Amino acid sequence: MKRSLYIIRHGQTDLNKMGIVQGRGVNSPLNDHGILQAKAFYESYRHIPFDHVITSTLLRTHQTVEAFIQDGIPWVQHAGLDEISWGIYEGKHQDEEIAAGFNKLVESWIGGDLDVCVDEGETPNQMKIRQQTAIKDILEITEGDKNVLICMHGRAMRMLLCLLTNQSYSLMDTFPHTNTALYKVDYNEGDFDIDIFYNIDHLENLEE
């Protein structure tokens, strides 16, 4: 049976706005603008009869889809959807040194070296293992469902979209990831197809 996965990034946090590295180890809440983004998404998609809400274990994803959860839609958290660990960069401001480190790392990933990471962080290949587990579990949890809402994190979402479309994680940067941006992915008989690519129409009337 066909399932539609509505995959969104969490709303804005103060750390997003300030350029501070979050990652898996920083459990920051939404800021006021992030709450408005979440409300805008809810108002635009509340008409979809979601059968499940699936989030990471981090607060910013919970708050982003809180209105759907309050509507009584069954909610499951899965650590496989958590953001990548940025290791020693987490909690630090993206100054010139860290920005240079990020750029060098991403260049390595784009070049196909998916076994490198920030010190004490995660590699894309490590992420792939936990995301494969997450998708297997989610498909089992949502068996019989038609519409599933998934809220996760920017870098992790880009990687997951590579996994679902059978592409190398070296192509992760081909997927934009603004806060609360939506990708709709249809699943049918073992195949995933992107039906909606990076929709942010619900953010049209929001100002910073």
# chains A, B, ... in the order shown; residues from 1 in each chain; ligands from 1

$ select_by_dssp --residues "range 32-161 of chain A" --states "strand (DSSP E or B)" --output "ChimeraX atom specification"
/A:52-55,75-77,93,147-152

$ write_last_selection --atoms "C-alpha atoms" --output "PDB file, in the first residue's frame"
ATOM      1  CA  HIS A  52       1.421   8.983  12.797  1.00  0.00           C
ATOM      2  CA  VAL A  53       3.836  11.710  13.822  1.00  0.00           C
ATOM      3  CA  ILE A  54       7.479  10.592  14.020  1.00  0.00           C
ATOM      4  CA  THR A  55      10.198  12.865  15.435  1.00  0.00           C
ATOM      5  CA  TRP A  75       3.532  10.137  18.233  1.00  0.00           C
ATOM      6  CA  VAL A  76       6.754   8.125  18.187  1.00  0.00           C
ATOM      7  CA  GLN A  77      10.310   9.367  18.840  1.00  0.00           C
ATOM      8  CA  HIS A  93      29.868  29.865  17.364  1.00  0.00           C
ATOM      9  CA  ASN A 147       0.086   9.685   5.685  1.00  0.00           C
ATOM     10  CA  VAL A 148       3.038  10.027   8.059  1.00  0.00           C
ATOM     11  CA  LEU A 149       4.532  13.288   9.341  1.00  0.00           C
ATOM     12  CA  ILE A 150       8.270  13.128  10.112  1.00  0.00           C
ATOM     13  CA  CYS A 151      10.114  16.004  11.795  1.00  0.00           C
ATOM     14  CA  MET A 152      13.891  15.960  11.957  1.00  0.00           C
TER      15      MET A 152
END

$ residues_around --residues "range 168-175 of chain A" --least-positions-apart "5" --cutoff "9 Å" --atoms "only C-alpha atoms" --output "compact mmCIF listing (two decimals) with N, CA and C atoms, in the first residue's frame"
# COMPACT_ATOMS: atom_id res chain seq x y z
N VAL A 106 32.81 19.26 4.39
CA VAL A 106 31.77 19.08 3.37
C VAL A 106 32.41 18.81 2.00
N SER A 108 35.12 17.20 1.54
CA SER A 108 35.51 15.79 1.59
C SER A 108 34.31 14.89 1.32
N TRP A 109 33.17 15.22 1.93
CA TRP A 109 31.96 14.43 1.72
C TRP A 109 31.51 14.47 0.26
N ILE A 110 31.51 15.68 -0.31
CA ILE A 110 31.12 15.82 -1.71
C ILE A 110 32.07 15.02 -2.60
N GLY A 111 33.33 14.95 -2.19
CA GLY A 111 34.32 14.18 -2.95
C GLY A 111 34.21 12.68 -2.75
N GLY A 112 33.29 12.25 -1.87
CA GLY A 112 33.06 10.82 -1.70
C GLY A 112 33.71 10.20 -0.49
N ASP A 113 34.42 11.00 0.32
CA ASP A 113 35.02 10.45 1.54
C ASP A 113 34.01 10.57 2.67
N LEU A 114 33.26 9.51 2.87
CA LEU A 114 32.13 9.53 3.81
C LEU A 114 32.49 8.89 5.16
N PRO A 124 29.19 10.42 7.78
CA PRO A 124 27.99 10.08 7.01
C PRO A 124 27.71 8.58 6.98
N ASN A 125 28.74 7.75 6.92
CA ASN A 125 28.49 6.31 6.89
C ASN A 125 27.94 5.80 8.22
N LYS A 128 24.37 6.77 8.13
CA LYS A 128 23.61 5.89 7.24
C LYS A 128 23.13 4.65 7.97
N ARG A 155 20.82 18.68 8.41
CA ARG A 155 21.83 17.81 7.81
C ARG A 155 21.34 16.36 7.77
N MET A 157 18.28 15.35 7.57
CA MET A 157 17.23 15.24 6.56
C MET A 157 17.83 15.12 5.16
N ARG A 158 18.87 15.91 4.90
CA ARG A 158 19.53 15.82 3.61
C ARG A 158 20.09 14.41 3.38
N MET A 159 20.68 13.85 4.41
CA MET A 159 21.23 12.50 4.29
C MET A 159 20.13 11.47 4.10
N LEU A 160 19.05 11.61 4.86
CA LEU A 160 17.94 10.66 4.73
C LEU A 160 17.35 10.68 3.33
N LEU A 161 17.23 11.85 2.74
CA LEU A 161 16.68 11.94 1.39
C LEU A 161 17.59 11.23 0.38
N CYS A 162 18.90 11.28 0.61
CA CYS A 162 19.82 10.50 -0.22
C CYS A 162 19.55 9.00 -0.06
N LEU A 163 19.38 8.58 1.19
CA LEU A 163 19.12 7.16 1.45
C LEU A 163 17.84 6.70 0.76
N PHE A 197 9.30 18.60 -3.69
CA PHE A 197 10.71 18.89 -3.42
C PHE A 197 10.81 20.28 -2.81
N TYR A 198 11.14 20.35 -1.53
CA TYR A 198 11.46 21.60 -0.86
C TYR A 198 10.34 22.65 -1.01

$ atom_distance --atom1 "CA of Met18 in chain A" --atom2 "CA of Tyr183 in chain A"
25.6 Å

$ closest_residue --among "A:Arg46, A:Arg60, A:His10, A:Lys104" --to "Thr180 in chain A" --atoms "only C-alpha atoms"
A:His10

$ select_by_dssp --residues "range 21-115 of chain A" --states "alpha helix (DSSP H)" --output "MDAnalysis selection string"
chainID A and resid 32:45 59:64 66:70 96:110

$ write_last_selection --atoms "C-alpha atoms" --output "tab-separated table (two decimals), in the first residue's frame"
chain	number	residue	atom	x	y	z
A	32	ASP	CA	9.50	32.86	18.85
A	33	HIS	CA	10.01	32.84	15.10
A	34	GLY	CA	10.37	29.05	15.10
A	35	ILE	CA	7.04	28.78	16.93
A	36	LEU	CA	5.44	30.98	14.25
A	37	GLN	CA	6.94	28.74	11.54
A	38	ALA	CA	5.49	25.69	13.28
A	39	LYS	CA	2.06	27.34	13.50
A	40	ALA	CA	2.21	28.29	9.82
A	41	PHE	CA	3.05	24.72	8.86
A	42	TYR	CA	0.22	23.41	11.03
A	43	GLU	CA	-2.33	25.77	9.49
A	44	SER	CA	-1.22	24.76	5.99
A	45	TYR	CA	-1.20	20.99	6.59
A	59	LEU	CA	13.00	19.07	21.78
A	60	ARG	CA	13.05	21.31	18.72
A	61	THR	CA	11.37	18.64	16.60
A	62	HIS	CA	8.75	17.92	19.27
A	63	GLN	CA	7.80	21.59	19.51
A	64	THR	CA	7.58	21.95	15.73
A	66	GLU	CA	3.28	19.83	18.86
A	67	ALA	CA	-0.06	21.00	17.46
A	68	PHE	CA	-0.46	17.76	15.49
A	69	ILE	CA	0.39	15.73	18.60
A	70	GLN	CA	-2.17	17.72	20.61
A	96	GLU	CA	36.19	31.66	10.72
A	97	GLU	CA	38.11	28.65	12.03
A	98	ILE	CA	35.03	26.47	12.49
A	99	ALA	CA	33.53	27.66	9.18
A	100	ALA	CA	36.74	26.66	7.44
A	101	GLY	CA	36.61	23.27	9.16
A	102	PHE	CA	33.02	22.77	8.04
A	103	ASN	CA	33.85	23.73	4.46
A	104	LYS	CA	36.78	21.32	4.34
A	105	LEU	CA	34.64	18.53	5.80
A	106	VAL	CA	31.77	19.08	3.37
A	107	GLU	CA	34.23	19.18	0.46
A	108	SER	CA	35.51	15.79	1.59
A	109	TRP	CA	31.96	14.43	1.72
A	110	ILE	CA	31.12	15.82	-1.71

$ closest_residue --among "A:Leu58, A:Val26, A:Met127, A:Ile194" --to "Gly80 in chain A" --atoms "only C-alpha atoms"
A:Met127

$ atom_distance --atom1 "CA of Ile88 in chain A" --atom2 "CA of Ala181 in chain A"
27.5 Å

$ closest_residue --among "A:Leu139, A:Cys117, A:Ile73, A:Ile7" --to "Asp195 in chain A" --atoms "only C-alpha atoms"
A:Ile7

$ atom_distance --atom1 "CA of Asp191 in chain A" --atom2 "CA of Lys2 in chain A"
9.7 Å

$ residues_around --residues "Asn179 in chain A" --least-positions-apart "6" --cutoff "9 Å" --atoms "only C-alpha atoms" --output "PyMOL selection string"
chain A and resi 8-12+34+37+153-154+200

$ residues_around --residues "Lys92 in chain A" --least-positions-apart "5" --cutoff "10 Å" --atoms "only C-alpha atoms" --output "mmCIF file with C-alpha atoms, in the first residue's frame"
data_model
loop_
_atom_site.group_PDB
_atom_site.id
_atom_site.type_symbol
_atom_site.label_atom_id
_atom_site.label_comp_id
_atom_site.auth_asym_id
_atom_site.auth_seq_id
_atom_site.Cartn_x
_atom_site.Cartn_y
_atom_site.Cartn_z
ATOM 1 C CA LEU A 15 21.145 28.984 18.101
ATOM 2 C CA GLY A 19 25.142 30.729 14.069
ATOM 3 C CA ILE A 20 25.924 28.383 16.942
ATOM 4 C CA VAL A 21 26.468 24.736 16.078
ATOM 5 C CA GLN A 22 23.722 22.488 17.449
ATOM 6 C CA ILE A 98 35.029 26.470 12.490
#

$ closest_residue --among "A:Asp201, A:Asp145, A:Asp119, A:Asp193" --to "Thr178 in chain A" --atoms "only C-alpha atoms"
A:Asp201
